[in-house]
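Working notes for the structure below.
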Amino acid sequence: MTGPLLQLAGVEAAYGRSQVLFGVDLVVEAGSAVALLGRNGMGKTTTIRTVMGLLPLQAGIIRFAGQPVAGLPAHRIARAGIGLVPEGRQIFPNLTVHENLVATARAGAGAGGWTLARIHQLFPRLAERAGNLGSELSGGEQQMLAIGRALMTNPRLLILDEATEGLAPLVRREIWSSLARLRAEGLTILVVDKDVEALARLCDRHAILERGRVVWTGTSADLLATPEVARRHLGLGG
Ligand SMILES: Nc1ncnc2c1ncn2[C@@H]1O[C@H](COP(=O)(O)OP(=O)(O)OP(=O)(O)O)[C@@H](O)[C@H]1O
Ligand SMILES: [Mg+2]
């Protein structure tokens with residue numbers, strides 16, 4: 001493969017007649033971790049839904065591993081090697097932890113070689129809770145399960161949408177350190193979150209969305225060195 005693992009150029013998308021994305025450009029190189037940032041309602045989830053084929057691409061190009069994915073059904077895009085940890089986790093409440101993990105397992109495009117044993121190593125809590133129903137888990141355990149479920153598809157690219165939202169600080173730290181481990185193992189990651197410091201530690205590059213356009217991109221060093229960027233585009237830091 002030549003070129004980035006995921007590439008968006010001029011991506012436009014809409015809900016019915018209400019356009020939300022107005023030309024999103026984004027590049028995720030293989031082996032890197034990229035953050036997608038922006039205030040509420042700026043189009044982060046919509047961008048991810050469009051990549052996954054859950055919303056039609058109205059204009060522009062999306063390429064995964066060099067291949068255009070526009071028009072492919074969502075399951076084909078997922079099977080090409082994209083694992084999604086969706087906003088709100090969306091685990092199966094009436095299946096056990098074990099069933100949630102094996103329900104979507106497959107020998108995917110990635111070389112992850114993910115097994116139940118490896119998921120349990122990454123998140124020992126899931127081993128302890130293997131027989132519990134999804135609905136019986138804490139928020140943090142649900143989030144671990146959502147990540148484990150995505151990994152069981154052996155993705156080449158893991159996309160996480162607000163994976164730490166609403167979690168206690170200790171659990172949040174555990175999620176971030178699991179992502180750092182995945183990254184160190186070579187998994188490519190695209191992550192939406194609002195924790196700029198944690199994102200700066202995990203990611204190589206950052207893209208800020210504002211009203212459906214990427215208005216700033218840079219490295220972690222760039223982001224930390226220019227606090228006015230976070231102030232202006234993210235409403236952070238007074
Ligand atoms: N199902 C929908 N139908 C119509 N409009 C929607 C729908 N989902 C989102 N929108 C609108 O699209 C815009 C972008 O929403 P999106 O969910 O992509 O934002 P976001 O950046 O993920 O925000 P947040 O940080 O709150 O998750 C918002 O104006 C939102 O109101
Ligand atoms: Mg969102």
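By order of appearance in the structure tokens: chains A, B, ..., then residues from 1 within every chain, and ligands from 1 in the order shown.
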Exercise. Quick one: residues within 10 Å of ligand 1, with only C-alpha atoms and all ligand atoms, as a PyMOL selection string?
Worked result: chain A and resi 13-21+36-50+55+87-88+161-162+165+192-194+208-212
For this session: Would you mind listing what lies within 12 Å of A:Gln90 as a VMD selection string, with only C-alpha atoms counted and same-chain residues fewer than 4 positions away left out?
Result: chain A and resid 84 to 86 94 to 95 100 134 to 135 139 142 to 147 149 to 150 161 163
Exercise. Counting only C-alpha atoms, which of A:Ala207, A:Val28, A:Ile77, A:Val97 gets nearest to A:Phe123?
Worked result: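 Looking at the shortest contact to A:Phe123, the residue is A:Val97.
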For this session: Measuring atom to atom with only C-alpha atoms, identify which of A:Arg173, A:His75, A:Val196, A:Ile61 is nearest to A:Leu236.
Result: A:Val196
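Computed from the coordinates, the atom CA of A:Leu179 to atom CA of A:Leu6 distance equals 18.7 Å.
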For this session: Can you work out the spacing between atom CA of A:Asp25 and atom CA of A:Pro155 in Å, to one decimal?
Result: 22.3 Å
Problem set entry | Distance query A:Pro68 at most 12 Å, only C-alpha atoms, self and fewer than 2 positions along chain excluded, as a list in words | Leu5, Leu6, Gln7, Leu8, Ala9, Val51, Gly53, Leu57, Gly60, Ile61, Ile62, Arg63, Phe64, Ala65, Gly66, Ala70, Gly71, Leu72, Arg76, Ile77 and Ala80 of chain A
Would you put the residues from that selection into a file with C-alpha atoms, as a PDB file, in the first residue's frame?
```pdb
ATOM      1  CA  LEU A   5      -4.200   4.294   5.678  1.00  0.00           C
ATOM      2  CA  LEU A   6      -7.186   6.649   5.783  1.00  0.00           C
ATOM      3  CA  GLN A   7      -7.649   9.745   3.701  1.00  0.00           C
ATOM      4  CA  LEU A   8     -10.567  12.167   3.503  1.00  0.00           C
ATOM      5  CA  ALA A   9     -10.581  14.964   0.943  1.00  0.00           C
ATOM      6  CA  VAL A  51     -16.213   7.109   7.022  1.00  0.00           C
ATOM      7  CA  GLY A  53     -20.677   4.301   5.500  1.00  0.00           C
ATOM      8  CA  LEU A  57     -20.933  10.684   1.126  1.00  0.00           C
ATOM      9  CA  GLY A  60     -15.377  14.354  -1.813  1.00  0.00           C
ATOM     10  CA  ILE A  61     -13.265  11.250  -1.444  1.00  0.00           C
ATOM     11  CA  ILE A  62     -12.693   8.729   1.330  1.00  0.00           C
ATOM     12  CA  ARG A  63      -9.944   6.166   0.801  1.00  0.00           C
ATOM     13  CA  PHE A  64      -9.058   3.347   3.160  1.00  0.00           C
ATOM     14  CA  ALA A  65      -5.844   1.460   2.418  1.00  0.00           C
ATOM     15  CA  GLY A  66      -5.804   3.184  -0.951  1.00  0.00           C
ATOM     16  CA  ALA A  70     -17.801   5.631  -0.951  1.00  0.00           C
ATOM     17  CA  GLY A  71     -20.972   3.729  -1.683  1.00  0.00           C
ATOM     18  CA  LEU A  72     -19.871   0.530   0.057  1.00  0.00           C
ATOM     19  CA  ARG A  76     -18.031  -4.018   3.919  1.00  0.00           C
ATOM     20  CA  ILE A  77     -16.172  -0.952   5.186  1.00  0.00           C
ATOM     21  CA  ALA A  80     -11.998  -3.844   5.158  1.00  0.00           C
TER      22      ALA A  80
END
```
Exercise. Do you know which residues are at most 12 Å from A:Arg183 counting only C-alpha atoms, after dropping those on the same chain fewer than 3 positions away, and could you put them as a list in words?
Worked result: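 Everything that qualifies: Ala30, Gly31, Ser32, Ala33, Val34, Gly112, Arg156, Leu157, Leu158, Trp176, Ser177, Ser178, Leu179, Ala180, Gly186, Leu187, Thr188, Ile189, Leu190, Val191, Arg201, Leu202, Cys203 and Asp204 of chain A.
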For this session: Name the residues of stretch 19-153 of chain A that fall into helix (DSSP H, G or I) according to DSSP on the backbone, using the chain letters and numbers of this document, as a PyMOL selection string.
Result: chain A and resi 44-51+74-79+97-103+116-122+124-128+134-136+139-151
Problem set entry | Point-to-point distance from atom CA of A:Glu141 to atom CA of A:Trp114, Å rounded to tenths |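 For atom CA of A:Glu141 relative to atom CA of A:Trp114, the distance reads 18.7 Å.
Using only C-alpha atoms, the smallest distance between any of A:Thr164, A:Thr219, A:Thr2, A:Gln58 and A:Asp195 comes from A:Thr164.
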Problem set entry | Distance criterion (only C-alpha atoms and all ligand atoms): nearest to ligand 2 out of A:Gly23, A:Leu160, A:Gly3, A:Ala127 |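 Closest candidate: A:Leu160.
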